[in-house]
Structure formats: C-alpha cells, structure tokens
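**Student:** Dropping in run-v7.pdb, with PDB, C-alpha atoms.
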```
ATOM      1  CA  MET A   1      95.431 152.078  63.067
ATOM      2  CA  ASP A   2      94.853 154.425  60.162
ATOM      3  CA  TRP A   3      92.208 156.715  61.660
ATOM      4  CA  LEU A   4      92.377 159.124  58.721
ATOM      5  CA  THR A   5      91.331 156.399  56.269
ATOM      6  CA  ILE A   6      88.517 155.348  58.583
ATOM      7  CA  PHE A   7      87.315 158.953  58.836
ATOM      8  CA  VAL A   8      87.524 159.623  55.087
ATOM      9  CA  THR A   9      85.712 156.446  54.037
ATOM     10  CA  THR A  10      83.020 157.039  56.653
ATOM     11  CA  VAL A  11      82.359 160.618  55.507
ATOM     12  CA  GLU A  12      82.284 159.527  51.864
ATOM     13  CA  ALA A  13      79.840 156.745  52.736
ATOM     14  CA  ALA A  14      77.449 159.269  54.321
ATOM     15  CA  VAL A  15      76.847 160.931  50.942
ATOM     16  CA  GLY A  16      78.032 158.206  48.547
ATOM     17  CA  VAL A  17      76.285 156.542  45.633
ATOM     18  CA  GLU A  18      75.065 153.601  47.744
ATOM     19  CA  THR A  19      73.482 156.014  50.218
ATOM     20  CA  VAL A  20      71.641 157.800  47.400
ATOM     21  CA  VAL A  21      70.410 154.507  45.929
ATOM     22  CA  TYR A  22      69.087 153.227  49.234
ATOM     23  CA  ALA A  23      67.628 156.605  50.199
ATOM     24  CA  LEU A  24      65.508 156.600  47.023
ATOM     25  CA  ALA A  25      64.533 152.954  47.500
ATOM     26  CA  ALA A  26      63.556 153.668  51.124
ATOM     27  CA  LEU A  27      61.573 156.792  50.149
ATOM     28  CA  GLY A  28      59.499 154.580  47.878
ATOM     29  CA  VAL A  29      59.022 152.027  50.658
ATOM     30  CA  ASN A  30      58.019 154.841  53.006
ATOM     31  CA  ILE A  31      55.201 155.868  50.660
ATOM     32  CA  GLN A  32      53.952 152.298  50.428
ATOM     33  CA  PHE A  33      54.534 151.091  53.984
ATOM     34  CA  GLY A  34      54.988 154.166  56.159
ATOM     35  CA  TYR A  35      52.093 156.212  54.779
ATOM     36  CA  SER A  36      49.811 153.584  53.184
ATOM     37  CA  GLY A  37      50.414 150.463  55.255
ATOM     38  CA  LEU A  38      51.297 148.312  52.215
ATOM     39  CA  LEU A  39      53.761 145.573  53.121
ATOM     40  CA  ASN A  40      55.479 145.473  49.731
ATOM     41  CA  PHE A  41      58.558 143.247  49.848
ATOM     42  CA  GLY A  42      59.223 143.593  46.129
ATOM     43  CA  GLN A  43      60.820 147.050  46.043
ATOM     44  CA  ALA A  44      64.049 145.649  44.580
ATOM     45  CA  ALA A  45      62.142 144.657  41.447
ATOM     46  CA  PHE A  46      61.184 148.276  40.758
ATOM     47  CA  LEU A  47      64.833 149.348  40.851
ATOM     48  CA  GLY A  48      65.791 146.419  38.653
ATOM     49  CA  VAL A  49      63.076 147.067  36.076
ATOM     50  CA  ALA A  50      64.135 150.714  35.763
ATOM     51  CA  GLY A  51      67.854 149.963  35.572
ATOM     52  CA  TYR A  52      67.424 147.166  33.058
ATOM     53  CA  GLY A  53      64.919 149.215  31.066
ATOM     54  CA  LEU A  54      67.609 151.834  30.507
ATOM     55  CA  ALA A  55      70.431 149.342  29.951
ATOM     56  CA  VAL A  56      68.555 147.113  27.498
ATOM     57  CA  ILE A  57      67.247 149.979  25.371
ATOM     58  CA  VAL A  58      70.717 151.515  25.013
ATOM     59  CA  SER A  59      73.155 148.590  25.028
ATOM     60  CA  THR A  60      71.009 145.836  23.496
ATOM     61  CA  PHE A  61      68.944 147.751  20.956
ATOM     62  CA  GLY A  62      71.214 150.755  20.414
ATOM     63  CA  LEU A  63      68.434 153.302  20.964
ATOM     64  CA  PRO A  64      68.800 156.774  22.560
ATOM     65  CA  PHE A  65      69.571 157.228  26.248
ATOM     66  CA  TRP A  66      66.489 159.330  26.994
ATOM     67  CA  LEU A  67      64.238 156.750  25.382
ATOM     68  CA  GLY A  68      65.740 154.236  27.810
ATOM     69  CA  ILE A  69      64.813 156.481  30.739
ATOM     70  CA  VAL A  70      61.222 156.763  29.493
ATOM     71  CA  VAL A  71      60.927 153.029  28.789
ATOM     72  CA  GLY A  72      62.262 152.253  32.273
ATOM     73  CA  LEU A  73      59.672 154.499  33.953
ATOM     74  CA  VAL A  74      56.822 153.150  31.826
ATOM     75  CA  SER A  75      57.943 149.602  32.609
ATOM     76  CA  VAL A  76      57.914 150.390  36.336
ATOM     77  CA  VAL A  77      54.358 151.734  36.144
ATOM     78  CA  VAL A  78      53.175 148.704  34.131
ATOM     79  CA  PHE A  79      54.909 146.305  36.534
ATOM     80  CA  ALA A  80      53.339 148.046  39.545
ATOM     81  CA  PHE A  81      49.903 147.820  37.935
ATOM     82  CA  LEU A  82      50.325 144.129  37.056
ATOM     83  CA  LEU A  83      51.617 143.427  40.569
ATOM     84  CA  GLY A  84      48.900 145.433  42.288
ATOM     85  CA  VAL A  85      45.804 144.138  40.485
ATOM     86  CA  PRO A  86      45.928 140.604  41.963
ATOM     87  CA  THR A  87      47.634 141.444  45.280
ATOM     88  CA  LEU A  88      46.323 144.675  46.794
ATOM     89  CA  LYS A  89      43.159 143.011  48.051
ATOM     90  CA  LEU A  90      45.216 140.491  49.997
ATOM     91  CA  ARG A  91      45.928 140.706  53.721
ATOM     92  CA  ALA A  92      49.256 142.272  54.677
ATOM     93  CA  ASP A  93      51.179 139.023  55.259
ATOM     94  CA  TYR A  94      49.940 137.477  52.003
ATOM     95  CA  LEU A  95      50.820 140.690  50.177
ATOM     96  CA  ALA A  96      54.369 140.432  51.523
ATOM     97  CA  ILE A  97      54.705 136.826  50.338
ATOM     98  CA  VAL A  98      53.385 137.536  46.846
ATOM     99  CA  THR A  99      55.474 140.676  46.300
ATOM    100  CA  ILE A 100      58.724 139.068  47.440
ATOM    101  CA  ALA A 101      58.011 136.152  45.091
ATOM    102  CA  ALA A 102      57.301 138.569  42.224
ATOM    103  CA  ALA A 103      60.604 140.350  42.832
ATOM    104  CA  GLU A 104      62.478 137.054  42.739
ATOM    105  CA  ILE A 105      60.735 136.106  39.490
ATOM    106  CA  VAL A 106      61.868 139.377  37.938
ATOM    107  CA  ARG A 107      65.453 138.823  39.120
ATOM    108  CA  LEU A 108      65.522 135.272  37.743
ATOM    109  CA  VAL A 109      64.154 136.448  34.388
ATOM    110  CA  PHE A 110      66.991 138.993  34.175
ATOM    111  CA  ARG A 111      69.438 136.227  35.089
ATOM    112  CA  SER A 112      67.933 133.593  32.789
ATOM    113  CA  VAL A 113      70.089 131.987  30.108
ATOM    114  CA  ALA A 114      67.078 131.962  27.776
ATOM    115  CA  PHE A 115      67.060 135.786  27.721
ATOM    116  CA  LYS A 116      70.828 136.276  27.858
ATOM    117  CA  ASP A 117      70.899 138.034  24.489
ATOM    118  CA  VAL A 118      68.555 140.681  25.889
ATOM    119  CA  PHE A 119      69.450 141.021  29.579
ATOM    120  CA  GLY A 120      72.993 139.631  29.566
ATOM    121  CA  GLY A 121      72.375 136.766  31.990
ATOM    122  CA  SER A 122      74.352 136.766  35.230
ATOM    123  CA  ASP A 123      76.878 139.212  33.724
ATOM    124  CA  GLY A 124      74.238 141.910  33.266
ATOM    125  CA  ARG A 125      74.621 144.847  30.900
ATOM    126  CA  ARG A 126      77.199 147.589  30.441
ATOM    127  CA  ALA A 127      78.063 150.329  27.937
ATOM    128  CA  PHE A 128      74.905 152.405  28.258
ATOM    129  CA  SER A 129      75.987 155.405  30.347
ATOM    130  CA  SER A 130      78.214 157.348  27.912
ATOM    131  CA  THR A 131      75.465 159.860  27.054
ATOM    132  CA  PHE A 132      74.953 160.597  30.742
ATOM    133  CA  TYR A 133      78.644 161.259  31.331
ATOM    134  CA  ASP A 134      78.855 163.370  28.174
ATOM    135  CA  MET A 135      76.520 165.798  29.974
ATOM    136  CA  ASN A 136      78.919 166.037  32.941
ATOM    137  CA  PRO A 137      79.532 169.765  33.652
ATOM    138  CA  PHE A 138      82.548 169.032  35.869
ATOM    139  CA  PRO A 139      85.963 169.057  34.142
ATOM    140  CA  PRO A 140      88.004 165.850  34.500
ATOM    141  CA  GLY A 141      89.869 165.560  37.767
ATOM    142  CA  ASP A 142      89.447 165.050  41.502
ATOM    143  CA  TYR A 143      87.353 167.383  43.653
ATOM    144  CA  GLU A 144      88.410 167.442  47.274
ATOM    145  CA  ILE A 145      87.427 169.105  50.518
ATOM    146  CA  GLY A 146      90.341 168.366  52.758
ATOM    147  CA  PRO A 147      91.012 164.622  52.711
ATOM    148  CA  VAL A 148      87.527 163.824  51.357
ATOM    149  CA  GLY A 149      87.175 163.816  47.587
ATOM    150  CA  PHE A 150      85.414 162.380  44.557
ATOM    151  CA  THR A 151      86.266 162.079  40.882
ATOM    152  CA  ASP A 152      84.366 164.205  38.381
ATOM    153  CA  ARG A 153      82.264 161.217  37.272
ATOM    154  CA  VAL A 154      81.264 160.241  40.818
ATOM    155  CA  LEU A 155      80.537 163.870  41.674
ATOM    156  CA  TRP A 156      78.220 164.168  38.667
ATOM    157  CA  VAL A 157      76.316 161.044  39.734
ATOM    158  CA  LEU A 158      76.061 162.337  43.313
ATOM    159  CA  VAL A 159      74.750 165.733  42.217
ATOM    160  CA  VAL A 160      72.055 164.147  40.051
ATOM    161  CA  GLY A 161      71.244 161.577  42.736
ATOM    162  CA  TRP A 162      70.868 164.062  45.586
ATOM    163  CA  VAL A 163      68.788 166.360  43.378
ATOM    164  CA  LEU A 164      66.454 163.409  42.774
ATOM    165  CA  VAL A 165      66.340 162.779  46.533
ATOM    166  CA  GLY A 166      65.482 166.442  47.180
ATOM    167  CA  ILE A 167      62.750 166.525  44.517
ATOM    168  CA  SER A 168      61.284 163.264  45.820
ATOM    169  CA  CYS A 169      61.230 164.546  49.412
ATOM    170  CA  LEU A 170      59.547 167.781  48.346
ATOM    171  CA  ALA A 171      56.933 165.905  46.320
ATOM    172  CA  ILE A 172      56.229 163.515  49.213
ATOM    173  CA  TYR A 173      55.994 166.412  51.670
ATOM    174  CA  LEU A 174      53.398 168.195  49.518
ATOM    175  CA  LEU A 175      51.436 165.059  48.622
ATOM    176  CA  MET A 176      51.164 163.769  52.178
ATOM    177  CA  ARG A 177      49.754 167.106  53.347
ATOM    178  CA  SER A 178      47.153 167.126  50.594
ATOM    179  CA  PRO A 179      43.706 165.488  50.836
ATOM    180  CA  TRP A 180      45.106 162.572  48.821
ATOM    181  CA  GLY A 181      47.845 161.988  51.380
ATOM    182  CA  ARG A 182      45.412 162.194  54.284
ATOM    183  CA  VAL A 183      43.310 159.473  52.665
ATOM    184  CA  LEU A 184      46.397 157.263  52.383
ATOM    185  CA  LYS A 185      47.181 157.703  56.072
ATOM    186  CA  ALA A 186      43.569 156.967  56.938
ATOM    187  CA  ILE A 187      43.762 153.740  54.927
ATOM    188  CA  ARG A 188      46.840 152.784  56.912
ATOM    189  CA  GLU A 189      44.926 153.256  60.167
ATOM    190  CA  ASP A 190      41.558 151.705  59.207
ATOM    191  CA  GLU A 191      40.736 150.970  55.596
ATOM    192  CA  ASP A 192      37.219 149.758  56.447
ATOM    193  CA  ALA A 193      36.397 153.174  57.871
ATOM    194  CA  VAL A 194      37.736 154.852  54.732
ATOM    195  CA  ARG A 195      35.721 152.493  52.551
ATOM    196  CA  SER A 196      32.587 153.332  54.519
ATOM    197  CA  LEU A 197      33.096 156.992  53.578
ATOM    198  CA  GLY A 198      32.831 156.143  49.899
ATOM    199  CA  LYS A 199      36.524 156.169  49.018
ATOM    200  CA  ASN A 200      37.915 153.625  46.565
ATOM    201  CA  VAL A 201      40.528 152.016  48.799
ATOM    202  CA  PHE A 202      41.866 149.752  46.049
ATOM    203  CA  SER A 203      42.483 152.724  43.756
ATOM    204  CA  TYR A 204      44.366 154.648  46.449
ATOM    205  CA  LYS A 205      46.499 151.613  47.262
ATOM    206  CA  MET A 206      47.324 151.168  43.587
ATOM    207  CA  GLN A 207      48.352 154.809  43.323
ATOM    208  CA  ALA A 208      50.592 154.458  46.391
ATOM    209  CA  LEU A 209      52.176 151.299  45.002
ATOM    210  CA  ILE A 210      52.888 152.977  41.656
ATOM    211  CA  LEU A 211      54.209 156.192  43.212
ATOM    212  CA  GLY A 212      56.458 154.322  45.622
ATOM    213  CA  GLY A 213      57.729 152.175  42.776
ATOM    214  CA  VAL A 214      58.499 155.205  40.591
ATOM    215  CA  VAL A 215      60.378 156.981  43.399
ATOM    216  CA  GLY A 216      62.295 153.787  44.148
ATOM    217  CA  SER A 217      63.078 153.316  40.452
ATOM    218  CA  PHE A 218      65.158 156.511  40.543
ATOM    219  CA  GLY A 219      67.514 154.527  42.771
ATOM    220  CA  GLY A 220      67.792 151.922  40.021
ATOM    221  CA  TYR A 221      68.858 154.613  37.562
ATOM    222  CA  VAL A 222      71.404 156.058  39.993
ATOM    223  CA  TYR A 223      72.898 152.613  40.600
ATOM    224  CA  ALA A 224      73.040 151.798  36.899
ATOM    225  CA  LEU A 225      74.698 155.109  36.011
ATOM    226  CA  GLY A 226      76.924 155.300  39.081
ATOM    227  CA  PHE A 227      78.438 151.856  38.506
ATOM    228  CA  ALA A 228      77.956 151.905  34.691
ATOM    229  CA  SER A 229      76.453 148.417  34.810
ATOM    230  CA  VAL A 230      73.496 146.369  35.988
ATOM    231  CA  GLN A 231      73.618 142.798  37.297
ATOM    232  CA  PRO A 232      70.567 140.807  38.370
ATOM    233  CA  ASP A 233      71.885 139.758  41.779
ATOM    234  CA  VAL A 234      72.249 143.399  42.828
ATOM    235  CA  PHE A 235      68.452 143.617  42.837
ATOM    236  CA  GLY A 236      67.939 140.722  45.238
ATOM    237  CA  THR A 237      65.720 140.547  48.300
ATOM    238  CA  GLU A 238      68.431 141.978  50.571
ATOM    239  CA  LEU A 239      68.010 145.343  48.826
ATOM    240  CA  THR A 240      64.361 145.435  49.907
ATOM    241  CA  PHE A 241      65.233 144.344  53.436
ATOM    242  CA  TYR A 242      67.879 147.062  53.700
ATOM    243  CA  ALA A 243      65.329 149.612  52.493
ATOM    244  CA  TYR A 244      62.892 148.548  55.236
ATOM    245  CA  THR A 245      65.711 148.670  57.780
ATOM    246  CA  ILE A 246      66.499 152.222  56.695
ATOM    247  CA  VAL A 247      62.843 153.278  56.951
ATOM    248  CA  ILE A 248      62.584 151.840  60.471
ATOM    249  CA  LEU A 249      65.927 153.390  61.439
ATOM    250  CA  GLY A 250      64.978 156.864  60.246
ATOM    251  CA  GLY A 251      61.331 156.664  61.253
ATOM    252  CA  ALA A 252      58.402 155.494  59.157
ATOM    253  CA  ALA A 253      55.997 158.131  57.798
ATOM    254  CA  ARG A 254      58.630 160.850  58.198
ATOM    255  CA  VAL A 255      59.567 162.698  55.011
ATOM    256  CA  PHE A 256      63.312 162.904  55.664
ATOM    257  CA  GLY A 257      63.497 159.775  57.829
ATOM    258  CA  PRO A 258      64.579 157.433  54.995
ATOM    259  CA  VAL A 259      67.264 159.873  53.823
ATOM    260  CA  LEU A 260      68.802 160.243  57.269
ATOM    261  CA  GLY A 261      68.322 156.530  57.881
ATOM    262  CA  ALA A 262      70.226 155.665  54.684
ATOM    263  CA  SER A 263      73.166 157.870  55.696
ATOM    264  CA  ILE A 264      73.262 156.455  59.224
ATOM    265  CA  PHE A 265      72.945 152.875  57.964
ATOM    266  CA  TRP A 266      75.907 153.137  55.576
ATOM    267  CA  VAL A 267      77.981 155.157  58.010
ATOM    268  CA  LEU A 268      77.533 152.447  60.619
ATOM    269  CA  LEU A 269      78.383 149.646  58.184
ATOM    270  CA  VAL A 270      81.493 151.388  56.851
ATOM    271  CA  LEU A 271      82.675 152.733  60.207
ATOM    272  CA  ILE A 272      82.312 149.409  62.024
ATOM    273  CA  GLY A 273      83.750 147.415  59.125
ATOM    274  CA  ASN A 274      86.795 149.634  58.616
ATOM    275  CA  THR A 275      87.474 149.996  62.344
ATOM    276  CA  LEU A 276      87.362 146.235  62.857
ATOM    277  CA  SER A 277      89.566 145.629  59.786
ATOM    278  CA  GLU A 278      92.157 148.131  60.997
ATOM    279  CA  ALA A 279      92.067 146.695  64.528
ATOM    280  CA  VAL A 280      92.574 143.157  63.203
ATOM    281  CA  SER A 281      95.408 144.249  60.901
ATOM    282  CA  ALA A 282      97.102 146.160  63.751
ATOM    283  CA  GLY A 283      96.857 143.147  66.061
ATOM    284  CA  TYR A 284      94.477 144.718  68.570
ATOM    285  CA  ILE A 285      91.863 142.034  67.807
ATOM    286  CA  THR A 286      93.239 138.501  67.613
ATOM    287  CA  PHE A 287      90.113 136.356  67.870
ATOM    288  CA  MET A 288      88.968 137.030  64.289
ATOM    289  CA  THR A 289      90.408 137.447  60.806
ATOM    290  CA  THR A 290      89.778 140.165  58.236
ATOM    291  CA  THR A 291      87.509 137.795  56.289
ATOM    292  CA  GLN A 292      85.244 137.557  59.345
ATOM    293  CA  VAL A 293      84.844 141.310  59.674
ATOM    294  CA  GLY A 294      81.993 141.496  57.136
ATOM    295  CA  PRO A 295      79.608 139.132  58.966
ATOM    296  CA  VAL A 296      80.533 140.603  62.357
ATOM    297  CA  ARG A 297      79.717 144.166  61.273
ATOM    298  CA  PHE A 298      76.268 143.061  60.134
ATOM    299  CA  MET A 299      75.778 141.287  63.469
ATOM    300  CA  LEU A 300      76.693 144.440  65.394
ATOM    301  CA  VAL A 301      74.476 146.679  63.249
ATOM    302  CA  GLY A 302      71.667 144.141  63.602
ATOM    303  CA  LEU A 303      72.055 144.137  67.372
ATOM    304  CA  GLY A 304      71.834 147.921  67.346
ATOM    305  CA  LEU A 305      68.626 147.770  65.305
ATOM    306  CA  ILE A 306      67.110 145.269  67.721
ATOM    307  CA  LEU A 307      67.877 147.590  70.626
ATOM    308  CA  LEU A 308      66.418 150.484  68.628
ATOM    309  CA  LEU A 309      63.174 148.581  68.078
ATOM    310  CA  VAL A 310      62.996 147.706  71.771
ATOM    311  CA  PHE A 311      63.689 151.164  73.194
ATOM    312  CA  ARG A 312      62.594 153.461  70.347
ATOM    313  CA  PRO A 313      60.255 151.585  67.968
ATOM    314  CA  GLN A 314      59.258 154.785  66.140
ATOM    315  CA  GLY A 315      62.828 155.146  64.826
ATOM    316  CA  ILE A 316      65.484 157.735  65.602
ATOM    317  CA  PHE A 317      63.523 160.591  64.046
ATOM    318  CA  GLY A 318      60.041 159.100  64.412
ATOM    319  CA  ASP A 319      57.090 160.457  66.339
ATOM    320  CA  LYS A 320      55.887 158.602  69.427
ATOM    321  CA  ARG A 321      52.361 159.857  68.813
ATOM    322  CA  GLU A 322      52.122 157.882  65.562
ATOM    323  CA  ILE A 323      53.164 154.710  67.368
ATOM    324  CA  ALA A 324      50.475 155.340  69.947
ATOM    325  CA  LEU A 325      47.868 155.782  67.224
ATOM    326  CA  ASP A 326      48.975 152.544  65.544
ATOM    327  CA  ALA A 327      48.711 150.698  68.872
ATOM    328  CA  ARG A 328      45.114 151.836  69.250
TER     329      ARG A 328
END
```
Turn the structure described in the file into structure tokens.
**Tutor:**
Amino acid sequence: MDWLTIFVTTVEAAVGVETVVYALAALGVNIQFGYSGLLNFGQAAFLGVAGYGLAVIVSTFGLPFWLGIVVGLVSVVVFAFLLGVPTLKLRADYLAIVTIAAAEIVRLVFRSVAFKDVFGGSDGRRAFSSTFYDMNPFPPGDYEIGPVGFTDRVLWVLVVGWVLVGISCLAIYLLMRSPWGRVLKAIREDEDAVRSLGKNVFSYKMQALILGGVVGSFGGYVYALGFASVQPDVFGTELTFYAYTIVILGGAARVFGPVLGASIFWVLLVLIGNTLSEAVSAGYITFMTTTQVGPVRFMLVGLGLILLLVFRPQGIFGDKREIALDAR
C-alpha cells in the first residue's frame, strides 16, 4: 500500500478547495440553524446563485469580473428576501420542505434547456475566471512543503478562500456577542417570549437568512473560481445535507465548529476512500472492488456520524450546556 500517497492526499484534503467551499456553506447554515433555529434546506441555492451570477455576467454578457461579483451578491440578497417573505412564518418542518423545493427549482432553472443560452444548460458556464487569476501574486510553479504541494493557481484560490473563512468567522464572532446576536439566540430558544418583549421576530429571521446566505455564497464564488466552471448539478441537495452534517460534526452555534467540521469531514472521506482503494488494489480486501469503495466510505462515515449523535449530540467541539438548554 502506498501510505505516502494516502498521507499526502489526506493532508491536502484538510485545507483543499472543497474544504473551503463547505466551510463557508456550513458557516452560513450555522448562522441560520445553529444560532437562529431556521431549518433552511436550501443553502445550495445561495451558492449556485452567487456562482452563476458571476459566471453569467462575465461569460454570457462579457461584462467586468467585479460587476459579476456584485451582481452575484445582490442576487443572493434578493433571492433570500423572496424566499423568506412567504416561508419564515412557517413551522420548522414546513420551512425545510419549502426551502429544499426552492433550491431544486433554482437548480432546474440553471439546467433548463429553455435558458441554455444564458446559463449553459447541464454543461454550465466556463471562461469567466481569467481576471481573478491575472491578480495571482504567486509566480507560476508548484509550491511544496515536503511531499504536500499545490500549484500557483490552487494556492491563490486557497489563500483567498481561507481569508474569506477567517473574515466570516470574525464577523460571526462579533455579531453573535452583540445585542443583535443575543436576540437571534433567544429566538432559537423561544420566539414567543422574544415577540412578547416587542422584538420583530420576522425581521430578525429575515436578517439571519440573508446573512447566512451571503456567507454561504462566498463558497459559491470559491467553487466557481477554484474549478473555473459552474454546473447546475454541483449545487444539488447533497451540498446542503453535507453542510448540515459538517455543522453537526463540528458543533452547532460554535464559531469555528463548521470550519473544523469541514476539515474533519473531508479528511475522513479522503482517508477512508484512499485507504480502502489501496487495500483493494494490494489484495488485502477481496470482498469488494474499487468501484464499490465510494459507497462504502460514505456508509462508514455515516455510521460514525450516527455514533457521534448518539454519544455526543452537541458535536465534537460543541457545548453540552447548550444541548441541555435546548432540551428544556
């Protein structure tokens, strides 16, 4: 077995582009679900709207890159407002149903043949990231620390992505310790009590939905720029489910929980997948083939998450006191 390859790919996964994307998506979910109690199952749509906003402005209409960034953010805010107005007064389970349906509608619009000239259909959009890479301060080449290394383009994406993660964490830390953040946490515990104190619960929920969507949309930009393309099926419901898994893994309502959860999640997937593949190829495992490794790794990670929920429901880095408060 090639243990060096397993080690290198695992370390790279801990800080890779996918980890950054899911960390940002999970930070947005943490604002909505962890701090506000909003069961939004449409987080993938926010990433898709941002990514496609950038791609369509640049590749379809030939307009400047920075205008695409602004249009993507404005589109995310408008989408959050349109989604929140009819749904935020619904009970949690109905909110989940409506938001997951809205996210699927957005994905199918991006995929639609009728709008293929704009969104590119199932092929998506490319050729919109040249301006971003023109700003790359790293000279062409590979940058390595021992056996672990990245190309200059990947390193540039990772630097920008992790800076966005750091800024988002700092903003969340400050906001959730402000009076505004304390109101959000009170709404999560008992919104009727907050309403009785004269607070506009609907307005606070809308603000949380928009803020979580904007933070999550940064992940859409990182994905679009990191892979230099956007495809509609990337922004499917599994993205949202992974984001919730990461929040639960790292600990809901913890500032750095989603970031650590994203790293652990991808490390587990890559480590288990590569180890099983190497063991099958070396003949140590004979009851499965390499094509079966993918489903098996998800089964093993899922089993681990089930055990985590049974024995530590607050997550790896969560606080037992918050679980106790929720139970009351």
**Student:** Please identify all polymer residues within 9 Å of A:Thr9, counting all atoms listed in the file, omitting same-chain residues fewer than 5 positions from it, and present them as a list in words.
**Tutor:** Leu4, Ala14, Val148, Val267, Val270, Leu271 and Asn274 of chain A
**Student:** When you count only C-alpha atoms, which of these residues is closest to A:Phe46: A:Phe298, A:Phe256, A:Tyr133, A:Tyr221?
**Tutor:**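 Using only C-alpha atoms, the shortest distance to A:Phe46 belongs to A:Tyr221.
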**Student:** Which residues match the PyMOL selection byres ((chain A and resi 111) around 6) in the file above, as a VMD selection string?
**Tutor:** chain A and resid 108 to 110 112 121 to 122 232
**Student:** Under the rule that all atoms listed in the file are counted, which of A:Gly294, A:Gly42, A:Gly250, A:Gly146 is the nearest residue to A:Ile97?
**Tutor:**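 Nearest to A:Ile97: A:Gly42.
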**Student:** Might you spell out which residues the PyMOL selection byres ((chain A and resi 99-103) around 12) would select in the displayed file, as a ChimeraX atom specification?
**Tutor:** /A:38-49,79-80,82-88,90,92-98,104-110,209,232-233,235-241
**Student:** Please report the interatomic distance between atom CA of A:Gly212 and atom CA of A:Ile31 in Å with one decimal.
**Tutor:**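 The value is 5.4 Å.
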**Student:** The PyMOL selection byres ((chain A and resi 140) around 6) on the file shown: which residues, as a list in words?
**Tutor:**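 Selected by the PyMOL selection byres ((chain A and resi 140) around 6) in this file: Pro139, Gly141 and Asp152 of chain A.
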**Student:** Nearest residue to A:Ser217 out of A:Tyr284, A:Tyr52, A:Trp66, A:Tyr143, using only C-alpha atoms?
**Tutor:**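 Using only C-alpha atoms, A:Ser217 sits closest to A:Tyr52.
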**Student:** Can you sort out the box for stretch 30-37 of chain A, edges along x, y and z, all listed atoms in, 5 Å on every side, with centre and edge lengths in Å to one decimal, as lines of an AutoDock Vina configuration file?
**Tutor:**
```
center_x = 53.9
center_y = 153.3
center_z = 53.3
size_x = 18.2
size_y = 15.7
size_z = 15.7
```
**Student:** In terms of the shortest atom-to-atom distance over all atoms listed in the file, which of A:Val78, A:Ile246, A:Leu211, A:Ala127 is closest to A:Val20?
**Tutor:**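 Distance minimum relative to A:Val20 lands on A:Ile246.
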**Student:** Between A:Pro64, A:Phe81, A:Leu164, A:Gly283, which is the closest to A:Phe202 once you count all atoms listed in the file?
**Tutor:**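 Closest to A:Phe202 of all the choices is A:Phe81.
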**Student:** Please supply stretch 286-300 of chain A, rebuilt with N, CA and C atoms, as a PDB file, in the coordinates of the input.
**Tutor:**
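Dumped everything to rebuild_26.pdb:
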```pdb
ATOM      1  N   THR A 286      92.572 139.731  68.044  1.00  0.00           N
ATOM      2  CA  THR A 286      93.239 138.501  67.613  1.00  0.00           C
ATOM      3  C   THR A 286      92.297 137.312  67.480  1.00  0.00           C
ATOM      4  N   PHE A 287      91.031 137.500  67.894  1.00  0.00           N
ATOM      5  CA  PHE A 287      90.113 136.356  67.870  1.00  0.00           C
ATOM      6  C   PHE A 287      89.305 136.276  66.573  1.00  0.00           C
ATOM      7  N   MET A 288      89.625 137.117  65.589  1.00  0.00           N
ATOM      8  CA  MET A 288      88.968 137.030  64.289  1.00  0.00           C
ATOM      9  C   MET A 288      89.941 137.440  63.200  1.00  0.00           C
ATOM     10  N   THR A 289      89.599 137.071  61.963  1.00  0.00           N
ATOM     11  CA  THR A 289      90.408 137.447  60.806  1.00  0.00           C
ATOM     12  C   THR A 289      89.681 138.531  60.010  1.00  0.00           C
ATOM     13  N   THR A 290      90.396 139.106  59.043  1.00  0.00           N
ATOM     14  CA  THR A 290      89.778 140.165  58.236  1.00  0.00           C
ATOM     15  C   THR A 290      88.612 139.640  57.414  1.00  0.00           C
ATOM     16  N   THR A 291      88.629 138.362  57.054  1.00  0.00           N
ATOM     17  CA  THR A 291      87.509 137.795  56.289  1.00  0.00           C
ATOM     18  C   THR A 291      86.242 137.655  57.130  1.00  0.00           C
ATOM     19  N   GLN A 292      86.398 137.669  58.457  1.00  0.00           N
ATOM     20  CA  GLN A 292      85.244 137.557  59.345  1.00  0.00           C
ATOM     21  C   GLN A 292      84.657 138.907  59.723  1.00  0.00           C
ATOM     22  N   VAL A 293      85.308 139.974  59.297  1.00  0.00           N
ATOM     23  CA  VAL A 293      84.844 141.310  59.674  1.00  0.00           C
ATOM     24  C   VAL A 293      83.474 141.603  59.073  1.00  0.00           C
ATOM     25  N   GLY A 294      83.261 141.220  57.804  1.00  0.00           N
ATOM     26  CA  GLY A 294      81.993 141.496  57.136  1.00  0.00           C
ATOM     27  C   GLY A 294      80.783 140.967  57.889  1.00  0.00           C
ATOM     28  N   PRO A 295      80.749 139.654  58.200  1.00  0.00           N
ATOM     29  CA  PRO A 295      79.608 139.132  58.966  1.00  0.00           C
ATOM     30  C   PRO A 295      79.464 139.764  60.344  1.00  0.00           C
ATOM     31  N   VAL A 296      80.595 140.039  61.001  1.00  0.00           N
ATOM     32  CA  VAL A 296      80.533 140.603  62.357  1.00  0.00           C
ATOM     33  C   VAL A 296      79.933 142.004  62.323  1.00  0.00           C
ATOM     34  N   ARG A 297      80.270 142.807  61.315  1.00  0.00           N
ATOM     35  CA  ARG A 297      79.717 144.166  61.273  1.00  0.00           C
ATOM     36  C   ARG A 297      78.215 144.141  61.090  1.00  0.00           C
ATOM     37  N   PHE A 298      77.720 143.183  60.285  1.00  0.00           N
ATOM     38  CA  PHE A 298      76.268 143.061  60.134  1.00  0.00           C
ATOM     39  C   PHE A 298      75.615 142.597  61.432  1.00  0.00           C
ATOM     40  N   MET A 299      76.303 141.725  62.175  1.00  0.00           N
ATOM     41  CA  MET A 299      75.778 141.287  63.469  1.00  0.00           C
ATOM     42  C   MET A 299      75.675 142.462  64.433  1.00  0.00           C
ATOM     43  N   LEU A 300      76.700 143.306  64.475  1.00  0.00           N
ATOM     44  CA  LEU A 300      76.693 144.440  65.394  1.00  0.00           C
ATOM     45  C   LEU A 300      75.631 145.471  65.009  1.00  0.00           C
TER      46      LEU A 300
END
```
